[in-house]
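Below is one structure, written out as structure tokens; comments come after it.
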Amino acid sequence: MKRILVVDDEERIRYIYARLLKDEGYDVVATKDANYANEVLKRENIDLILLDIKMPLVEGDILYEVVQLFHKEAKVIVTSVYHPQDQKRIIPGAADYYDKSQDLEILISKVKKVLGNGMAGGGE
Amino acid sequence: MKFNSIRFKISVLYVAILGIILIIYSSFLYLSLHYTLYDELDGELDKKAQEIARAIDSYVEKYAGEQQDFISCARQVINTEEFPDPDEIDQLQRQWLQKVDNLGLKDDYIAFLDVKGKPLIKSANLQKELFSFAPKDINKLLNGEPISKSIKFEKRNIRAISTLFSYDGNEKYIIQVGASLKPVIHLLQVRLMHILVSIPVILLIAALFGRLFAVRILRPVVEITRTASKITHEDLTARVKAEHVDEEMKYLVGAFNDMISRLQQSFSYIAEFSSHVAHELKTPLAIIKGESDIALRKERDAQEYKRVIKVTLEETERMLKVIEGLLLLTKLDYRPESFNFEQFDLVEFLKEIYEQSRVLATQKEITVNIKLPASGIVINADRLHLRRLFFNLISNSIKFTNSGGRIDIAVMQTDKKAVITVSDTGIGIAGEDLPKIFDRFFHVDRTGKIIEPGTGLGLSIAKSIAAIHGGAIDAKSKPREGSAFTVTLPIL
């Protein structure tokens, strides 16, 4: 089962993504900031990170650098309320970009694409 | 060149001033020459008259016994050519003839008149006296003052002088001597011609140079105009070059460039601000949309629907708060006329705030203390806005202070100012964040659970409220030890 780490300071966003991705058959871990995320990354094997940009203390682009240095196996989809073009400007080189106000279907298809279609272990 | 252009006006003004100065100066020179020449001529004529009188005196003295009267003496003086044989001329006459040559008397007009102005005798070139006298002229002459006049005689311009003399002790007579004005008039005419020709030439040259200077001086204005027309909200990078520019223009160019820089800052601030607003509003919308989307994916129980509706309500509330905060900030910044200022006692006012804060703080087991001065402090303020200022500070303190902590409110009165400090024993603010806390949409942490998440506008609003009261707000903090906000308000 693929493991997805959701990093977002908005509790309700984390809750929505966690339920959505669990329903799709993924294993989900959610953290509220970069420090907790880093702890999780050290401890567990993460296949994909849904990474918010604007967070207190450490922002998403810094965490992305850390991931690139120490957890290169984890793919990253940037999830923010910014326009995908602006996201790309802040964090270039992520696997994909998702605007949080878009439909959840789009997020699901991006996740599937990045992790490889049909690789999810189960779900509907 | 356009007639209402600065260039034209400067040139015209320049030429007009120069023209007036030149005309006044030339007139002065011309008149001074005129008077000098006439004065000199009068002096010369006066000298001639003196010489003639002296000659007559000599003749009268010499020939006194030889039946020679005044008339014949005078005739000898002015009609020297009546003596054809130079050998017969005695010494006195030889001396006189020499003098006549030296003085150039031969070409002059000479007449003798009695004291009533009647001509007695005149030189051969005269048919009548040079000029006759009015009674007051004769009085003047009798008083010993010579009379000078410019006259037209047989179509010739002549300067004549009349002076009173006496011979033989008391016999009085008048000598009129006239000389041609031709050389004087010629000199003056030449001078006038020079003036009339040179002034327009000088003005023409001045106008040309004036125009060149005006064009050169105004070049930065042209440059500024060109730059200003290039500037749009998309491109604010254009600047006017200030090299080789006069001092005053340098200030203008500097001020203009600074203005563009400020515009650029404003535009980038607005762009950033808009992106912040979008971010603030998009997050609750994403939550509402996400929750609704998931709820609709399959049948849920009533509990779940209730939860989704509650989340929707709360997120809507959050958006409204952001919008209200923004509207309030706009009002504070741009509509000062909407405030309701009144005079009241700050001490009584803060007592009320303190009571209400205690109720809020007890929910999180935080104690609130207040230290007030004995006497009241009267201020002029908008009660509602000031209440909001202090509640924003206190609710921040409650939010960032852990249970068991303390909040202190202290009031001090200094010269003309009331200083109110709200300090807490909370988590504090990191040094690098301290300058940013009054910025709009600055969040330290949104995850506070007991107090709902903030809009990121609270301190910004507090700062604006302090500012409209003519006061200020300042923050000091040590991470993990607490923060202190100091509000300064002017007192009456």
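If you're wondering about the labels, chains in the structure tokens are A, B, ... by order shown, residues count from 1 in each chain, ligands from 1 in order shown.
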query = When the cut-off is 12 Å and we count only C-alpha atoms, which residues of chain A are near chain B, given as JSON, numbers by chain?
reply = {"A": [8, 9, 10, 11, 12, 13, 14, 15, 16, 17, 18, 19, 20, 21, 22, 23, 24, 31, 32, 33, 52, 53, 54, 55, 56, 57, 58, 59, 79, 80, 81, 82, 83, 86, 98, 99, 100, 101, 102, 103, 104, 105, 106, 107, 124]}
Written selection (C-alpha atoms) as a PDB file, in the first residue's frame:
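Result written to part.pdb:
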```
ATOM      1  CA  ASP A   8      -0.759  21.314   5.857  1.00  0.00           C
ATOM      2  CA  ASP A   9      -1.246  23.750   8.722  1.00  0.00           C
ATOM      3  CA  GLU A  10      -5.050  23.763   8.189  1.00  0.00           C
ATOM      4  CA  GLU A  11      -6.480  20.942  10.284  1.00  0.00           C
ATOM      5  CA  ARG A  12      -9.643  20.681   8.197  1.00  0.00           C
ATOM      6  CA  ILE A  13      -7.678  20.396   4.953  1.00  0.00           C
ATOM      7  CA  ARG A  14      -5.621  17.590   6.436  1.00  0.00           C
ATOM      8  CA  TYR A  15      -8.828  15.835   7.517  1.00  0.00           C
ATOM      9  CA  ILE A  16     -10.409  16.149   4.070  1.00  0.00           C
ATOM     10  CA  TYR A  17      -7.326  14.868   2.219  1.00  0.00           C
ATOM     11  CA  ALA A  18      -6.809  12.034   4.681  1.00  0.00           C
ATOM     12  CA  ARG A  19     -10.376  10.720   4.261  1.00  0.00           C
ATOM     13  CA  LEU A  20     -10.297  11.200   0.489  1.00  0.00           C
ATOM     14  CA  LEU A  21      -7.036   9.349   0.013  1.00  0.00           C
ATOM     15  CA  LYS A  22      -7.968   6.584   2.474  1.00  0.00           C
ATOM     16  CA  ASP A  23     -11.161   6.035   0.477  1.00  0.00           C
ATOM     17  CA  GLU A  24      -8.937   5.745  -2.615  1.00  0.00           C
ATOM     18  CA  THR A  31       1.177  16.543   9.945  1.00  0.00           C
ATOM     19  CA  LYS A  32       0.599  20.200  10.708  1.00  0.00           C
ATOM     20  CA  ASP A  33       4.086  21.534   9.980  1.00  0.00           C
ATOM     21  CA  ASP A  52       1.427  23.077   1.354  1.00  0.00           C
ATOM     22  CA  ILE A  53       3.569  26.157   0.765  1.00  0.00           C
ATOM     23  CA  LYS A  54       2.465  28.770   3.277  1.00  0.00           C
ATOM     24  CA  MET A  55       2.905  27.350   6.740  1.00  0.00           C
ATOM     25  CA  PRO A  56       4.056  28.858  10.009  1.00  0.00           C
ATOM     26  CA  LEU A  57       7.669  28.471  11.152  1.00  0.00           C
ATOM     27  CA  VAL A  58       9.064  26.497   8.204  1.00  0.00           C
ATOM     28  CA  GLU A  59       7.485  27.034   4.815  1.00  0.00           C
ATOM     29  CA  THR A  79      -0.945  21.654  -2.778  1.00  0.00           C
ATOM     30  CA  SER A  80      -1.658  25.290  -2.123  1.00  0.00           C
ATOM     31  CA  VAL A  81      -4.284  27.948  -2.728  1.00  0.00           C
ATOM     32  CA  TYR A  82      -1.797  29.716  -4.989  1.00  0.00           C
ATOM     33  CA  HIS A  83      -2.135  29.460  -8.745  1.00  0.00           C
ATOM     34  CA  ASP A  86       3.046  30.650  -8.821  1.00  0.00           C
ATOM     35  CA  TYR A  98      -2.601  21.304  -7.309  1.00  0.00           C
ATOM     36  CA  ASP A  99      -4.728  24.336  -6.508  1.00  0.00           C
ATOM     37  CA  LYS A 100      -6.682  23.503  -3.323  1.00  0.00           C
ATOM     38  CA  SER A 101      -9.824  25.214  -4.602  1.00  0.00           C
ATOM     39  CA  GLN A 102     -10.004  22.786  -7.548  1.00  0.00           C
ATOM     40  CA  ASP A 103     -12.183  19.645  -7.534  1.00  0.00           C
ATOM     41  CA  LEU A 104     -10.943  16.756  -5.423  1.00  0.00           C
ATOM     42  CA  GLU A 105     -11.184  14.514  -8.533  1.00  0.00           C
ATOM     43  CA  ILE A 106      -8.308  16.458 -10.006  1.00  0.00           C
ATOM     44  CA  LEU A 107      -6.220  15.807  -6.889  1.00  0.00           C
ATOM     45  CA  GLU A 124     -13.065   1.406  -4.928  1.00  0.00           C
TER      46      GLU A 124
END
```
task = Return as a ChimeraX atom specification the full set of residues in range 337-378 of chain B whose backbone-based DSSP assignment is alpha helix (DSSP H).
result = /B:346-362
Excluding Gln85 in chain A and any residue of its chain fewer than 4 positions from it, enumerate the residues within 10 Å of it, using only C-alpha atoms, and give them as a PDB file with N, CA and C atoms, in the first residue's frame.
```pdb
ATOM      1  N   ARG A  89       6.786  28.551  -9.490  1.00  0.00           N
ATOM      2  CA  ARG A  89       7.835  29.560  -9.314  1.00  0.00           C
ATOM      3  C   ARG A  89       8.496  29.400  -7.943  1.00  0.00           C
ATOM      4  N   ILE A  90       7.664  29.054  -6.930  1.00  0.00           N
ATOM      5  CA  ILE A  90       8.203  28.944  -5.567  1.00  0.00           C
ATOM      6  C   ILE A  90       8.933  27.612  -5.384  1.00  0.00           C
ATOM      7  N   ILE A  91       8.302  26.548  -5.880  1.00  0.00           N
ATOM      8  CA  ILE A  91       8.941  25.222  -5.773  1.00  0.00           C
ATOM      9  C   ILE A  91       9.053  24.611  -7.174  1.00  0.00           C
ATOM     10  N   PRO A  92      10.137  24.899  -7.866  1.00  0.00           N
ATOM     11  CA  PRO A  92      10.259  24.299  -9.201  1.00  0.00           C
ATOM     12  C   PRO A  92      10.675  22.826  -9.060  1.00  0.00           C
ATOM     13  N   TYR A  97       1.429  19.961  -9.424  1.00  0.00           N
ATOM     14  CA  TYR A  97       0.948  21.108  -8.638  1.00  0.00           C
ATOM     15  C   TYR A  97      -0.579  21.076  -8.613  1.00  0.00           C
ATOM     16  N   ASP A  99      -4.098  23.174  -7.151  1.00  0.00           N
ATOM     17  CA  ASP A  99      -4.728  24.336  -6.508  1.00  0.00           C
ATOM     18  C   ASP A  99      -5.846  23.806  -5.613  1.00  0.00           C
TER      19      ASP A  99
END
```
Counting only C-alpha atoms, the residue of A:Ile46, A:Val40, A:Val67, A:Ile4 that sits nearest Val28 in chain A = A:Ile4
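Distances here use only C-alpha atoms; by that measure, the residue among A:Val6, A:Met1, A:Ala74, A:Val114 closest to Leu51 in chain A is A:Val6.
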I'd like the neighbourhood of range 113-121 of chain B as a PDB file with N, CA and C atoms, in the first residue's frame, where a residue qualifies if any of its atoms comes within 9 Å (using only C-alpha atoms), though same-chain residues fewer than 6 positions away should be ignored.
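Output below, filename around22.pdb:
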```
ATOM      1  N   ILE B  71      30.443 152.382 -30.433  1.00  0.00           N
ATOM      2  CA  ILE B  71      30.046 151.721 -31.670  1.00  0.00           C
ATOM      3  C   ILE B  71      31.251 151.482 -32.579  1.00  0.00           C
ATOM      4  N   ALA B  74      33.406 148.808 -31.221  1.00  0.00           N
ATOM      5  CA  ALA B  74      32.800 147.485 -31.429  1.00  0.00           C
ATOM      6  C   ALA B  74      32.934 147.067 -32.882  1.00  0.00           C
ATOM      7  N   ARG B  75      32.762 148.042 -33.759  1.00  0.00           N
ATOM      8  CA  ARG B  75      32.896 147.732 -35.186  1.00  0.00           C
ATOM      9  C   ARG B  75      34.297 147.225 -35.486  1.00  0.00           C
ATOM     10  N   LYS B 128      19.932 140.761 -38.712  1.00  0.00           N
ATOM     11  CA  LYS B 128      19.284 141.303 -37.508  1.00  0.00           C
ATOM     12  C   LYS B 128      19.848 140.593 -36.290  1.00  0.00           C
ATOM     13  N   GLU B 129      19.373 140.931 -35.094  1.00  0.00           N
ATOM     14  CA  GLU B 129      19.894 140.268 -33.892  1.00  0.00           C
ATOM     15  C   GLU B 129      19.575 138.786 -33.945  1.00  0.00           C
ATOM     16  N   SER B 132      15.555 137.978 -29.974  1.00  0.00           N
ATOM     17  CA  SER B 132      15.107 139.114 -29.173  1.00  0.00           C
ATOM     18  C   SER B 132      14.722 138.606 -27.790  1.00  0.00           C
ATOM     19  N   PHE B 133      14.544 139.545 -26.878  1.00  0.00           N
ATOM     20  CA  PHE B 133      14.316 139.144 -25.491  1.00  0.00           C
ATOM     21  C   PHE B 133      12.925 139.456 -25.000  1.00  0.00           C
ATOM     22  N   ALA B 134      12.446 138.616 -24.168  1.00  0.00           N
ATOM     23  CA  ALA B 134      11.219 138.928 -23.414  1.00  0.00           C
ATOM     24  C   ALA B 134      11.669 139.771 -22.217  1.00  0.00           C
ATOM     25  N   PRO B 135      10.760 140.570 -21.592  1.00  0.00           N
ATOM     26  CA  PRO B 135      11.165 141.427 -20.467  1.00  0.00           C
ATOM     27  C   PRO B 135      11.861 140.656 -19.355  1.00  0.00           C
ATOM     28  N   ILE B 138      15.466 140.079 -20.036  1.00  0.00           N
ATOM     29  CA  ILE B 138      16.308 141.263 -19.812  1.00  0.00           C
ATOM     30  C   ILE B 138      16.617 141.406 -18.332  1.00  0.00           C
ATOM     31  N   LEU B 141      19.261 139.034 -17.534  1.00  0.00           N
ATOM     32  CA  LEU B 141      20.553 139.509 -18.024  1.00  0.00           C
ATOM     33  C   LEU B 141      21.113 140.606 -17.111  1.00  0.00           C
ATOM     34  N   LEU B 142      20.183 141.503 -16.677  1.00  0.00           N
ATOM     35  CA  LEU B 142      20.629 142.603 -15.811  1.00  0.00           C
ATOM     36  C   LEU B 142      21.156 142.077 -14.485  1.00  0.00           C
ATOM     37  N   LEU B 164      25.541 140.197 -20.470  1.00  0.00           N
ATOM     38  CA  LEU B 164      25.570 141.640 -20.199  1.00  0.00           C
ATOM     39  C   LEU B 164      26.999 142.068 -19.863  1.00  0.00           C
ATOM     40  N   LYS B 172      26.078 150.004 -20.001  1.00  0.00           N
ATOM     41  CA  LYS B 172      25.816 148.563 -20.145  1.00  0.00           C
ATOM     42  C   LYS B 172      25.409 148.225 -21.569  1.00  0.00           C
ATOM     43  N   TYR B 173      25.828 147.095 -22.036  1.00  0.00           N
ATOM     44  CA  TYR B 173      25.412 146.609 -23.358  1.00  0.00           C
ATOM     45  C   TYR B 173      25.394 145.081 -23.330  1.00  0.00           C
ATOM     46  N   ILE B 174      24.770 144.511 -24.340  1.00  0.00           N
ATOM     47  CA  ILE B 174      24.631 143.034 -24.390  1.00  0.00           C
ATOM     48  C   ILE B 174      25.386 142.508 -25.596  1.00  0.00           C
ATOM     49  N   ILE B 175      26.167 141.469 -25.391  1.00  0.00           N
ATOM     50  CA  ILE B 175      26.835 140.804 -26.521  1.00  0.00           C
ATOM     51  C   ILE B 175      26.115 139.482 -26.788  1.00  0.00           C
ATOM     52  N   GLN B 176      25.743 139.302 -28.062  1.00  0.00           N
ATOM     53  CA  GLN B 176      25.200 137.993 -28.475  1.00  0.00           C
ATOM     54  C   GLN B 176      26.246 137.330 -29.349  1.00  0.00           C
TER      55      GLN B 176
END
```
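Taking CA of Leu350 in chain B as the reference point, CA of Ile427 in chain B is found at 24.7 Å.
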task = Go through B:Thr414, B:Ser162, B:Ser150, B:Ser483 and flag the residue nearest Ser180 in chain B, using only C-alpha atoms for the distances.
result = B:Ser150
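Taking CA of Ile224 in chain B as the reference point, CA of Val253 in chain B is found at 7.2 Å.
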request  = Would you mind writing down, as a PyMOL selection string, each residue of range 42-81 of chain A that DSSP on the backbone assigns to strand (DSSP E or B)?
outcome  = chain A and resi 48-51+75-80
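Take CA of Tyr334 in chain B and CA of Asp382 in chain B: the distance between them is 16.0 Å.
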request  = Identify, on the basis of only C-alpha atoms, every residue whose closest approach to Gly458 in chain B does not exceed 12 Å; exclude the query and any residue fewer than 2 positions from it along the same chain; express the result as number ranges by chain.
outcome  = B: 321-322, 324-326, 328-329, 388-397, 437-443, 453-456, 460-465
Write a file of the selected residues as a compact mmCIF listing (two decimals), in the first residue's frame, keeping N, CA and C atoms.
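Result file result31.txt:
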```
# COMPACT_ATOMS: atom_id res chain seq x y z
N LYS B 321 -15.18 37.33 8.68
CA LYS B 321 -14.28 38.06 9.58
C LYS B 321 -13.15 38.73 8.82
N VAL B 322 -12.60 37.99 7.86
CA VAL B 322 -11.52 38.55 7.05
C VAL B 322 -12.04 39.77 6.30
N GLU B 324 -14.67 41.63 6.95
CA GLU B 324 -14.97 42.74 7.85
C GLU B 324 -13.71 43.44 8.32
N GLY B 325 -12.69 42.63 8.61
CA GLY B 325 -11.40 43.21 9.03
C GLY B 325 -10.84 44.10 7.94
N LEU B 326 -10.91 43.63 6.70
CA LEU B 326 -10.40 44.41 5.58
C LEU B 326 -11.17 45.71 5.41
N LEU B 328 -12.81 47.27 7.74
CA LEU B 328 -12.49 48.16 8.86
C LEU B 328 -11.15 48.85 8.61
N LEU B 329 -10.17 48.10 8.12
CA LEU B 329 -8.86 48.68 7.85
C LEU B 329 -8.96 49.78 6.80
N ARG B 388 -11.72 47.89 20.62
CA ARG B 388 -11.27 46.85 19.69
C ARG B 388 -9.76 46.70 19.75
N LEU B 389 -9.07 47.86 19.83
CA LEU B 389 -7.61 47.84 19.92
C LEU B 389 -7.17 46.96 21.10
N PHE B 390 -7.72 47.26 22.31
CA PHE B 390 -7.26 46.54 23.49
C PHE B 390 -7.73 45.09 23.48
N PHE B 391 -8.93 44.82 22.94
CA PHE B 391 -9.37 43.42 22.88
C PHE B 391 -8.52 42.61 21.90
N ASN B 392 -8.09 43.25 20.82
CA ASN B 392 -7.20 42.57 19.88
C ASN B 392 -5.90 42.17 20.59
N LEU B 393 -5.36 43.11 21.38
CA LEU B 393 -4.10 42.82 22.09
C LEU B 393 -4.31 41.74 23.13
N ILE B 394 -5.41 41.86 23.91
CA ILE B 394 -5.65 40.91 25.01
C ILE B 394 -5.99 39.53 24.46
N SER B 395 -6.79 39.47 23.40
CA SER B 395 -7.13 38.14 22.88
C SER B 395 -5.91 37.48 22.25
N ASN B 396 -5.00 38.28 21.68
CA ASN B 396 -3.73 37.73 21.21
C ASN B 396 -2.95 37.12 22.38
N SER B 397 -2.90 37.89 23.46
CA SER B 397 -2.16 37.42 24.63
C SER B 397 -2.76 36.11 25.14
N ILE B 437 4.95 41.65 12.66
CA ILE B 437 3.67 41.28 13.28
C ILE B 437 2.55 42.28 13.00
N PHE B 438 2.93 43.54 12.68
CA PHE B 438 1.87 44.52 12.39
C PHE B 438 1.47 44.52 10.91
N ASP B 439 2.15 43.69 10.10
CA ASP B 439 1.79 43.58 8.69
C ASP B 439 0.47 42.86 8.54
N ARG B 440 -0.22 43.20 7.46
CA ARG B 440 -1.50 42.54 7.22
C ARG B 440 -1.31 41.07 6.86
N PHE B 441 -2.14 40.21 7.39
CA PHE B 441 -2.13 38.76 7.15
C PHE B 441 -0.88 38.07 7.63
N PHE B 442 -0.26 38.64 8.68
CA PHE B 442 0.86 37.91 9.24
C PHE B 442 0.33 36.96 10.31
N HIS B 443 0.58 35.66 10.12
CA HIS B 443 0.14 34.67 11.11
C HIS B 443 1.37 34.04 11.73
N PRO B 453 -9.04 30.44 15.19
CA PRO B 453 -7.90 30.97 14.44
C PRO B 453 -8.13 32.43 14.04
N GLY B 454 -7.05 33.19 14.02
CA GLY B 454 -7.16 34.63 13.73
C GLY B 454 -7.23 34.91 12.24
N THR B 455 -7.51 36.15 11.94
CA THR B 455 -7.60 36.54 10.54
C THR B 455 -6.26 37.07 10.02
N GLY B 456 -5.32 37.28 10.96
CA GLY B 456 -4.05 37.85 10.53
C GLY B 456 -4.14 39.35 10.37
N SER B 460 -2.68 44.56 12.87
CA SER B 460 -2.68 45.59 11.84
C SER B 460 -3.79 46.61 12.12
N ILE B 461 -4.95 46.08 12.53
CA ILE B 461 -6.08 46.95 12.89
C ILE B 461 -5.73 47.77 14.13
N ALA B 462 -5.10 47.11 15.14
CA ALA B 462 -4.71 47.81 16.37
C ALA B 462 -3.78 48.97 16.04
N LYS B 463 -2.85 48.73 15.15
CA LYS B 463 -1.87 49.76 14.78
C LYS B 463 -2.58 50.94 14.11
N SER B 464 -3.51 50.63 13.21
CA SER B 464 -4.24 51.71 12.52
C SER B 464 -5.07 52.53 13.50
N ILE B 465 -5.70 51.84 14.47
CA ILE B 465 -6.52 52.56 15.46
C ILE B 465 -5.64 53.48 16.30
```
9 Å contact set for Asp96 in chain A, only C-alpha atoms, chain neighbours under 3 positions out, as an mmCIF file with C-alpha atoms, in the first residue's frame:
```cif
data_model
loop_
_atom_site.group_PDB
_atom_site.id
_atom_site.type_symbol
_atom_site.label_atom_id
_atom_site.label_comp_id
_atom_site.auth_asym_id
_atom_site.auth_seq_id
_atom_site.Cartn_x
_atom_site.Cartn_y
_atom_site.Cartn_z
ATOM 1 C CA VAL A 76 6.003 15.688 -4.073
ATOM 2 C CA ILE A 77 2.716 17.249 -5.214
ATOM 3 C CA VAL A 78 2.529 20.866 -4.128
ATOM 4 C CA THR A 79 -0.945 21.654 -2.778
ATOM 5 C CA PRO A 84 -0.131 26.429 -10.057
ATOM 6 C CA LYS A 88 5.950 26.274 -9.794
ATOM 7 C CA GLY A 93 10.692 20.620 -10.001
ATOM 8 C CA LYS A 110 -2.775 13.758 -10.028
ATOM 9 C CA VAL A 111 -1.974 11.426 -7.140
ATOM 10 C CA VAL A 114 2.358 10.477 -9.926
#
```
Give me, as a compact mmCIF listing (two decimals) with N, CA and C atoms, in the first residue's frame, all polymer residues having an atom no more than 10 Å from His71 in chain A, counting only C-alpha atoms and skipping those fewer than 5 positions away in the same chain.
```txt
# COMPACT_ATOMS: atom_id res chain seq x y z
N ASN A 38 9.16 16.20 8.95
CA ASN A 38 10.53 15.71 8.90
C ASN A 38 10.69 14.47 9.80
N LEU A 41 9.16 11.56 8.03
CA LEU A 41 9.99 11.13 6.91
C LEU A 41 11.18 10.30 7.38
N LYS A 42 11.71 10.67 8.55
CA LYS A 42 12.85 9.93 9.10
C LYS A 42 12.43 8.52 9.51
N ASN A 45 8.60 5.06 5.51
CA ASN A 45 8.79 5.15 4.07
C ASN A 45 7.60 5.86 3.46
N ILE A 46 7.84 6.99 2.87
CA ILE A 46 6.76 7.78 2.29
C ILE A 46 6.94 7.79 0.77
N ASP A 47 5.82 7.45 0.04
CA ASP A 47 5.91 7.44 -1.42
C ASP A 47 5.59 8.81 -2.02
N TYR A 64 10.71 21.11 1.02
CA TYR A 64 10.96 20.47 -0.27
C TYR A 64 12.47 20.26 -0.47
N GLU A 65 13.27 21.27 -0.09
CA GLU A 65 14.73 21.14 -0.20
C GLU A 65 15.23 19.96 0.63
N VAL A 66 14.66 19.87 1.85
CA VAL A 66 15.06 18.78 2.76
C VAL A 66 14.72 17.43 2.12
```
